[in-house]
Protein chains: 4
Amino acid sequence: MEHAQITAEELMRLARDEVPVAGNLGILVEEVEPGYVAARVPYREEFVRPGGTIAGPIMMALADFVMWGVVMSLRGPLHQAVTTSLNINFLRRPVPGDLIAQGSILKMGRRLAVGEVSLYCGDDEDLVAHVTCTYALPPTP
Amino acid sequence: MEHAQITAEELMRLARDEVPVAGNLGILVEEVEPGYVAARVPYREEFVRPGGTIAGPIMMALADFVMWGVVMSLRGPLHQAVTTSLNINFLRRPVPGDLIAQGSILKMGRRLAVGEVSLYCGDDEDLVAHVTCTYALPPTP
Amino acid sequence: MEHAQITAEELMRLARDEVPVAGNLGILVEEVEPGYVAARVPYREEFVRPGGTIAGPIMMALADFVMWGVVMSLRGPLHQAVTTSLNINFLRRPVPGDLIAQGSILKMGRRLAVGEVSLYCGDDEDLVAHVTCTYALPPTP
Amino acid sequence: MEHAQITAEELMRLARDEVPVAGNLGILVEEVEPGYVAARVPYREEFVRPGGTIAGPIMMALADFVMWGVVMSLRGPLHQAVTTSLNINFLRRPVPGDLIAQGSILKMGRRLAVGEVSLYCGDDEDLVAHVTCTYALPPTP
């Protein structure tokens, strides 16, 4: 088994220092393996939207960040990798609680990386949302 | 031409008071017609991500909110309407500038509403992103 | 473990007798469990498109049918269930060979069912395409 | 106004001779402009699925072909261009009738082309389905 090309600490540092949109969520990266990243967003009251559930944009921001981490777990720090598309299905209204995301690679190509992210809430085993996401990779020198 | 079932002011109030995730972006609703909403997010440095472009989650949050507005422009305040799916294609790396979203309805059903949102940046006429989005509607009494 | 609400034979009969678009592909349903369906489309030369790969619409038709089967594996024959959205990512250009689809449920709701379908080709272990798909269910009496 | 890089006749010849999956639908290309293609699939009974509506895979196959035409209207014959993703929302159950597709470009990049396709049925002015679709382009020499 190869090692991941980036550490959980480095990913959290990137979120904090360079991507305020993600950093402001207080993302905790909990596991990084090659092609796999798990992260958690501790619950905050401001994440809730009418109807008493976690706001969708919080889940989309977390999934987008986790997929960026999955790409970097395979290729190392790639600041220039950008999302080209993201598709999310919201499956259940999450009860307020920590948001957990598990992202894994479906296809690591030379120009495009495609992955999926499963989102859970609190201790519930049921998926609250499912994401597929594509990143465009900068040309390799 | 019928009137919209909600005003720009009411939409902005909802964002500010009830959906902090959207309210925190400083969204300005600029136009509301039945089945159409245009909104603007004034530029902030914290929206930028590595590579010098606006972060994707900002665009997704704006699009999701605008589509909510489109639904309410046709049905009035519907706090219980929730996003069931959202698909975004990022088309161009936006130069830093105000983000503008124009959302319109594709199908207003009894149980589901589907719309599209076009995103622009600054004075550029080219699309920076395109979104399709589905909301589930609460049962009508 | 509960039993599936429909059999592989019944699914194939439906494809053949009622959905010519699927039936014409020669779909073989290989496995049906509650919330899971696996099917195969034996290779035909007419499925190939320029570039020497299996045409995308064949994969979309197969995935759509398999997801219909997944819904019926949980709810029994539901002729009125219709696809509301489908998202496919094509991951690798499949070498000519049998197309294999494995569909599973992500969320079985009262009004909407969401699932994913993984597509493989020949004996290759790598995904050739990945689908998420939503069906709208007829109201239960 | 520049000319399209391919004609309606050439597009139909490609469908007929090289993409049986599309050719078998009997697609009639009705208009080609740079970045825009309109096509029609005359009604056939075999396109109908349970519930009395046109089968989804017919619409997906037509949309995928039309988007290929849109790409070629801007770049000329590109047999190696392949679909990387397709997202379809089914909006209304079409009454049996000719299927009409209007595809237009959202972004023509060097490596990726993104477009949308609106689908209508018979003389009805309401959308029956809406598609966004991405093609990967072969490297230019």
# chains A, B, ... in the order shown; residues from 1 in each chain; ligands from 1
call {"tool": "select_by_dssp", "arguments": {"residues": "chain A", "states": "helix (DSSP H, G or I)", "output": "PDB file with N, CA and C atoms, in the first residue's frame"}}
result
ATOM      1  N   ALA A   8      -3.328  14.651   6.738  1.00  0.00           N
ATOM      2  CA  ALA A   8      -4.527  15.299   7.268  1.00  0.00           C
ATOM      3  C   ALA A   8      -4.189  16.704   7.762  1.00  0.00           C
ATOM      4  N   GLU A   9      -3.027  16.849   8.396  1.00  0.00           N
ATOM      5  CA  GLU A   9      -2.629  18.157   8.932  1.00  0.00           C
ATOM      6  C   GLU A   9      -2.444  19.173   7.812  1.00  0.00           C
ATOM      7  N   GLU A  10      -1.781  18.723   6.738  1.00  0.00           N
ATOM      8  CA  GLU A  10      -1.530  19.627   5.619  1.00  0.00           C
ATOM      9  C   GLU A  10      -2.857  20.036   4.966  1.00  0.00           C
ATOM     10  N   LEU A  11      -3.793  19.093   4.865  1.00  0.00           N
ATOM     11  CA  LEU A  11      -5.102  19.408   4.293  1.00  0.00           C
ATOM     12  C   LEU A  11      -5.835  20.444   5.142  1.00  0.00           C
ATOM     13  N   MET A  12      -5.775  20.263   6.453  1.00  0.00           N
ATOM     14  CA  MET A  12      -6.460  21.225   7.335  1.00  0.00           C
ATOM     15  C   MET A  12      -5.781  22.595   7.255  1.00  0.00           C
ATOM     16  N   ARG A  13      -4.455  22.590   7.130  1.00  0.00           N
ATOM     17  CA  ARG A  13      -3.742  23.858   7.013  1.00  0.00           C
ATOM     18  C   ARG A  13      -4.169  24.582   5.728  1.00  0.00           C
ATOM     19  N   LEU A  14      -4.291  23.818   4.624  1.00  0.00           N
ATOM     20  CA  LEU A  14      -4.738  24.408   3.355  1.00  0.00           C
ATOM     21  C   LEU A  14      -6.123  25.014   3.503  1.00  0.00           C
ATOM     22  N   ALA A  15      -7.032  24.269   4.150  1.00  0.00           N
ATOM     23  CA  ALA A  15      -8.393  24.780   4.342  1.00  0.00           C
ATOM     24  C   ALA A  15      -8.350  26.089   5.124  1.00  0.00           C
ATOM     25  N   ARG A  16      -7.564  26.087   6.183  1.00  0.00           N
ATOM     26  CA  ARG A  16      -7.526  27.240   7.072  1.00  0.00           C
ATOM     27  C   ARG A  16      -6.873  28.451   6.419  1.00  0.00           C
ATOM     28  N   ASP A  17      -5.733  28.223   5.768  1.00  0.00           N
ATOM     29  CA  ASP A  17      -4.939  29.353   5.297  1.00  0.00           C
ATOM     30  C   ASP A  17      -5.324  29.813   3.896  1.00  0.00           C
ATOM     31  N   GLU A  18      -5.821  28.911   3.064  1.00  0.00           N
ATOM     32  CA  GLU A  18      -5.953  29.290   1.664  1.00  0.00           C
ATOM     33  C   GLU A  18      -7.372  29.213   1.121  1.00  0.00           C
ATOM     34  N   PRO A  20     -10.717  30.073   2.699  1.00  0.00           N
ATOM     35  CA  PRO A  20     -11.530  30.509   3.857  1.00  0.00           C
ATOM     36  C   PRO A  20     -12.931  29.903   3.835  1.00  0.00           C
ATOM     37  N   VAL A  21     -13.477  29.725   2.633  1.00  0.00           N
ATOM     38  CA  VAL A  21     -14.820  29.166   2.524  1.00  0.00           C
ATOM     39  C   VAL A  21     -14.901  27.807   3.210  1.00  0.00           C
ATOM     40  N   ALA A  22     -13.859  27.015   3.065  1.00  0.00           N
ATOM     41  CA  ALA A  22     -13.824  25.712   3.727  1.00  0.00           C
ATOM     42  C   ALA A  22     -13.317  25.865   5.160  1.00  0.00           C
ATOM     43  N   GLY A  23     -12.280  26.665   5.315  1.00  0.00           N
ATOM     44  CA  GLY A  23     -11.671  26.829   6.632  1.00  0.00           C
ATOM     45  C   GLY A  23     -12.665  27.329   7.664  1.00  0.00           C
ATOM     46  N   GLU A  45     -24.927  25.975  15.340  1.00  0.00           N
ATOM     47  CA  GLU A  45     -26.326  26.364  15.170  1.00  0.00           C
ATOM     48  C   GLU A  45     -26.548  27.124  13.869  1.00  0.00           C
ATOM     49  N   GLU A  46     -25.535  27.892  13.441  1.00  0.00           N
ATOM     50  CA  GLU A  46     -25.712  28.704  12.238  1.00  0.00           C
ATOM     51  C   GLU A  46     -25.811  27.875  10.954  1.00  0.00           C
ATOM     52  N   PHE A  47     -25.538  26.562  11.051  1.00  0.00           N
ATOM     53  CA  PHE A  47     -25.632  25.706   9.865  1.00  0.00           C
ATOM     54  C   PHE A  47     -27.067  25.280   9.570  1.00  0.00           C
ATOM     55  N   GLY A  56     -28.011  22.891   2.886  1.00  0.00           N
ATOM     56  CA  GLY A  56     -27.366  22.198   1.773  1.00  0.00           C
ATOM     57  C   GLY A  56     -25.992  22.744   1.415  1.00  0.00           C
ATOM     58  N   PRO A  57     -25.821  24.059   1.356  1.00  0.00           N
ATOM     59  CA  PRO A  57     -24.513  24.592   0.964  1.00  0.00           C
ATOM     60  C   PRO A  57     -23.373  24.163   1.878  1.00  0.00           C
ATOM     61  N   ILE A  58     -23.669  23.898   3.148  1.00  0.00           N
ATOM     62  CA  ILE A  58     -22.629  23.385   4.054  1.00  0.00           C
ATOM     63  C   ILE A  58     -22.165  22.017   3.560  1.00  0.00           C
ATOM     64  N   MET A  59     -23.127  21.191   3.179  1.00  0.00           N
ATOM     65  CA  MET A  59     -22.777  19.848   2.696  1.00  0.00           C
ATOM     66  C   MET A  59     -22.011  19.928   1.377  1.00  0.00           C
ATOM     67  N   MET A  60     -22.433  20.842   0.491  1.00  0.00           N
ATOM     68  CA  MET A  60     -21.749  20.967  -0.796  1.00  0.00           C
ATOM     69  C   MET A  60     -20.325  21.464  -0.603  1.00  0.00           C
ATOM     70  N   ALA A  61     -20.141  22.418   0.308  1.00  0.00           N
ATOM     71  CA  ALA A  61     -18.799  22.954   0.553  1.00  0.00           C
ATOM     72  C   ALA A  61     -17.889  21.870   1.130  1.00  0.00           C
ATOM     73  N   LEU A  62     -18.434  21.082   2.064  1.00  0.00           N
ATOM     74  CA  LEU A  62     -17.639  20.009   2.663  1.00  0.00           C
ATOM     75  C   LEU A  62     -17.273  18.961   1.609  1.00  0.00           C
ATOM     76  N   ALA A  63     -18.249  18.563   0.793  1.00  0.00           N
ATOM     77  CA  ALA A  63     -17.999  17.529  -0.221  1.00  0.00           C
ATOM     78  C   ALA A  63     -16.959  18.003  -1.231  1.00  0.00           C
ATOM     79  N   ASP A  64     -17.069  19.250  -1.648  1.00  0.00           N
ATOM     80  CA  ASP A  64     -16.119  19.803  -2.617  1.00  0.00           C
ATOM     81  C   ASP A  64     -14.708  19.788  -2.033  1.00  0.00           C
ATOM     82  N   PHE A  65     -14.588  20.160  -0.769  1.00  0.00           N
ATOM     83  CA  PHE A  65     -13.278  20.163  -0.116  1.00  0.00           C
ATOM     84  C   PHE A  65     -12.726  18.746   0.020  1.00  0.00           C
ATOM     85  N   VAL A  66     -13.577  17.812   0.439  1.00  0.00           N
ATOM     86  CA  VAL A  66     -13.131  16.426   0.631  1.00  0.00           C
ATOM     87  C   VAL A  66     -12.655  15.832  -0.693  1.00  0.00           C
ATOM     88  N   MET A  67     -13.356  16.150  -1.779  1.00  0.00           N
ATOM     89  CA  MET A  67     -12.938  15.625  -3.084  1.00  0.00           C
ATOM     90  C   MET A  67     -11.595  16.230  -3.493  1.00  0.00           C
ATOM     91  N   TRP A  68     -11.375  17.493  -3.150  1.00  0.00           N
ATOM     92  CA  TRP A  68     -10.068  18.124  -3.407  1.00  0.00           C
ATOM     93  C   TRP A  68      -8.981  17.359  -2.640  1.00  0.00           C
ATOM     94  N   GLY A  69      -9.310  16.985  -1.415  1.00  0.00           N
ATOM     95  CA  GLY A  69      -8.375  16.200  -0.613  1.00  0.00           C
ATOM     96  C   GLY A  69      -8.095  14.843  -1.234  1.00  0.00           C
ATOM     97  N   VAL A  70      -9.135  14.205  -1.773  1.00  0.00           N
ATOM     98  CA  VAL A  70      -8.954  12.899  -2.417  1.00  0.00           C
ATOM     99  C   VAL A  70      -7.975  13.027  -3.586  1.00  0.00           C
ATOM    100  N   VAL A  71      -8.130  14.088  -4.375  1.00  0.00           N
ATOM    101  CA  VAL A  71      -7.220  14.304  -5.503  1.00  0.00           C
ATOM    102  C   VAL A  71      -5.785  14.482  -4.994  1.00  0.00           C
ATOM    103  N   MET A  72      -5.637  15.278  -3.931  1.00  0.00           N
ATOM    104  CA  MET A  72      -4.287  15.535  -3.414  1.00  0.00           C
ATOM    105  C   MET A  72      -3.696  14.330  -2.701  1.00  0.00           C
ATOM    106  N   SER A  73      -4.566  13.437  -2.208  1.00  0.00           N
ATOM    107  CA  SER A  73      -4.052  12.211  -1.579  1.00  0.00           C
ATOM    108  C   SER A  73      -3.342  11.325  -2.608  1.00  0.00           C
ATOM    109  N   LEU A  74      -3.677  11.545  -3.883  1.00  0.00           N
ATOM    110  CA  LEU A  74      -3.073  10.742  -4.957  1.00  0.00           C
ATOM    111  C   LEU A  74      -1.983  11.490  -5.701  1.00  0.00           C
ATOM    112  N   ARG A  75      -2.067  12.817  -5.713  1.00  0.00           N
ATOM    113  CA  ARG A  75      -1.149  13.589  -6.547  1.00  0.00           C
ATOM    114  C   ARG A  75      -0.329  14.616  -5.774  1.00  0.00           C
TER     115      ARG A  75
END
call {"tool": "calpha_fit_and_write", "arguments": {"fixed": "chain B", "moving": "chain C", "output": "CSV table (one decimal) with C-alpha atoms, in the first residue's frame"}}
result
chain,number,residue,atom,x,y,z
C,1,MET,CA,-48.8,39.3,-16.0
C,2,GLU,CA,-49.2,38.0,-12.4
C,3,HIS,CA,-47.3,39.4,-9.5
C,4,ALA,CA,-44.5,37.5,-7.8
C,5,GLN,CA,-45.7,35.8,-4.6
C,6,ILE,CA,-42.8,37.3,-2.6
C,7,THR,CA,-40.8,40.5,-2.8
C,8,ALA,CA,-37.0,41.1,-3.1
C,9,GLU,CA,-37.1,42.6,0.4
C,10,GLU,CA,-38.8,39.6,1.9
C,11,LEU,CA,-36.3,37.3,0.2
C,12,MET,CA,-33.4,39.2,1.7
C,13,ARG,CA,-35.0,39.2,5.1
C,14,LEU,CA,-35.3,35.4,4.9
C,15,ALA,CA,-31.7,35.0,3.9
C,16,ARG,CA,-30.6,37.3,6.8
C,17,ASP,CA,-32.8,36.1,9.5
C,18,GLU,CA,-33.4,32.4,8.8
C,19,VAL,CA,-30.6,31.1,6.6
C,20,PRO,CA,-27.3,32.3,8.0
C,21,VAL,CA,-25.4,30.3,5.3
C,22,ALA,CA,-27.0,32.5,2.7
C,23,GLY,CA,-27.3,35.6,4.7
C,24,ASN,CA,-23.6,35.7,5.6
C,25,LEU,CA,-22.8,36.0,1.9
C,26,GLY,CA,-24.4,39.5,1.8
C,27,ILE,CA,-26.8,38.5,-1.0
C,28,LEU,CA,-28.6,41.4,-2.7
C,29,VAL,CA,-31.8,40.3,-4.4
C,30,GLU,CA,-32.1,42.6,-7.4
C,31,GLU,CA,-35.2,41.4,-9.3
C,32,VAL,CA,-38.1,39.1,-8.6
C,33,GLU,CA,-40.7,38.1,-11.2
C,34,PRO,CA,-43.0,35.1,-11.2
C,35,GLY,CA,-40.6,32.2,-11.9
C,36,TYR,CA,-37.5,34.5,-12.1
C,37,VAL,CA,-35.0,35.8,-9.5
C,38,ALA,CA,-31.8,37.8,-10.0
C,39,ALA,CA,-29.4,38.3,-7.2
C,40,ARG,CA,-25.9,39.6,-6.6
C,41,VAL,CA,-23.1,38.8,-4.1
C,42,PRO,CA,-20.7,41.7,-3.7
C,43,TYR,CA,-17.1,40.7,-3.9
C,44,ARG,CA,-15.1,39.9,-0.8
C,45,GLU,CA,-11.5,38.8,-0.7
C,46,GLU,CA,-12.4,35.8,1.5
C,47,PHE,CA,-14.4,34.3,-1.4
C,48,VAL,CA,-11.2,33.7,-3.4
C,49,ARG,CA,-9.6,30.3,-3.5
C,50,PRO,CA,-6.1,29.1,-4.7
C,51,GLY,CA,-5.7,30.0,-8.4
C,52,GLY,CA,-7.3,33.4,-7.8
C,53,THR,CA,-10.9,32.5,-8.6
C,54,ILE,CA,-14.1,32.7,-6.6
C,55,ALA,CA,-14.6,29.5,-4.5
C,56,GLY,CA,-17.2,27.0,-6.0
C,57,PRO,CA,-19.2,26.7,-2.7
C,58,ILE,CA,-20.0,30.4,-2.9
C,59,MET,CA,-21.6,29.9,-6.3
C,60,MET,CA,-23.4,26.8,-5.1
C,61,ALA,CA,-24.8,28.5,-2.1
C,62,LEU,CA,-25.9,31.5,-4.2
C,63,ALA,CA,-27.6,29.3,-6.8
C,64,ASP,CA,-29.4,27.2,-4.2
C,65,PHE,CA,-30.7,30.3,-2.6
C,66,VAL,CA,-31.8,31.9,-5.9
C,67,MET,CA,-33.6,28.7,-6.8
C,68,TRP,CA,-35.4,28.8,-3.5
C,69,GLY,CA,-36.4,32.4,-4.3
C,70,VAL,CA,-37.7,31.2,-7.7
C,71,VAL,CA,-39.9,28.7,-6.0
C,72,MET,CA,-41.3,31.3,-3.6
C,73,SER,CA,-41.9,33.8,-6.4
C,74,LEU,CA,-44.5,31.3,-7.7
C,75,ARG,CA,-45.8,29.8,-4.4
C,76,GLY,CA,-45.1,32.4,-1.7
C,77,PRO,CA,-43.1,31.8,1.4
C,78,LEU,CA,-42.4,28.1,1.6
C,79,HIS,CA,-40.0,27.5,4.5
C,80,GLN,CA,-40.4,23.8,4.2
C,81,ALA,CA,-39.3,23.5,0.5
C,82,VAL,CA,-36.0,21.7,0.4
C,83,THR,CA,-33.4,21.0,-2.3
C,84,THR,CA,-33.4,17.4,-3.5
C,85,SER,CA,-30.7,17.7,-6.1
C,86,LEU,CA,-28.3,20.2,-7.5
C,87,ASN,CA,-26.0,19.9,-10.5
C,88,ILE,CA,-23.4,22.5,-11.3
C,89,ASN,CA,-21.0,22.9,-14.2
C,90,PHE,CA,-18.1,25.3,-13.6
C,91,LEU,CA,-17.4,26.9,-17.0
C,92,ARG,CA,-14.8,29.6,-16.6
C,93,ARG,CA,-12.6,30.7,-13.7
C,94,PRO,CA,-14.2,33.9,-12.6
C,95,VAL,CA,-12.0,37.0,-12.2
C,96,PRO,CA,-12.6,38.5,-8.8
C,97,GLY,CA,-15.7,40.6,-8.9
C,98,ASP,CA,-19.4,40.6,-7.9
C,99,LEU,CA,-21.1,37.3,-8.5
C,100,ILE,CA,-24.5,37.6,-10.3
C,101,ALA,CA,-27.1,34.8,-10.5
C,102,GLN,CA,-30.2,34.6,-12.7
C,103,GLY,CA,-32.6,31.8,-11.8
C,104,SER,CA,-35.6,30.7,-13.8
C,105,ILE,CA,-38.2,27.9,-13.5
C,106,LEU,CA,-38.1,25.0,-15.9
C,107,LYS,CA,-41.1,23.1,-14.4
C,108,MET,CA,-43.3,24.0,-11.5
C,109,GLY,CA,-45.0,20.8,-10.4
C,110,ARG,CA,-47.2,19.9,-7.5
C,111,ARG,CA,-44.4,18.0,-5.7
C,112,LEU,CA,-41.2,19.0,-7.5
C,113,ALA,CA,-39.9,22.3,-8.9
C,114,VAL,CA,-37.0,22.3,-11.3
C,115,GLY,CA,-35.1,25.3,-12.4
C,116,GLU,CA,-31.8,26.6,-13.8
C,117,VAL,CA,-29.5,29.3,-12.6
C,118,SER,CA,-26.9,31.1,-14.7
C,119,LEU,CA,-23.9,32.6,-12.9
C,120,TYR,CA,-21.9,35.5,-14.1
C,121,CYS,CA,-19.0,37.5,-12.6
C,122,GLY,CA,-18.3,41.2,-12.7
C,123,ASP,CA,-19.1,42.8,-16.1
C,124,ASP,CA,-18.2,39.7,-18.1
C,125,GLU,CA,-21.0,38.5,-20.4
C,126,ASP,CA,-19.7,34.9,-20.4
C,127,LEU,CA,-21.3,32.4,-18.0
C,128,VAL,CA,-19.0,31.3,-15.2
C,129,ALA,CA,-21.2,28.5,-14.0
C,130,HIS,CA,-24.5,26.8,-14.8
C,131,VAL,CA,-26.8,25.1,-12.3
C,132,THR,CA,-29.9,22.9,-12.5
C,133,CYS,CA,-31.6,22.4,-9.2
C,134,THR,CA,-34.7,20.5,-7.9
C,135,TYR,CA,-36.8,21.4,-4.9
C,136,ALA,CA,-39.3,19.2,-3.2
C,137,LEU,CA,-42.4,21.1,-2.2
C,138,PRO,CA,-44.4,20.5,1.0
C,139,PRO,CA,-47.8,19.0,0.4
C,140,THR,CA,-50.4,21.6,-0.3
C,141,PRO,CA,-53.3,21.6,2.3
call {"tool": "select_by_dssp", "arguments": {"residues": "segment 28-118 of chain D", "states": "strand (DSSP E or B)", "output": "count of residues only"}}
result
42
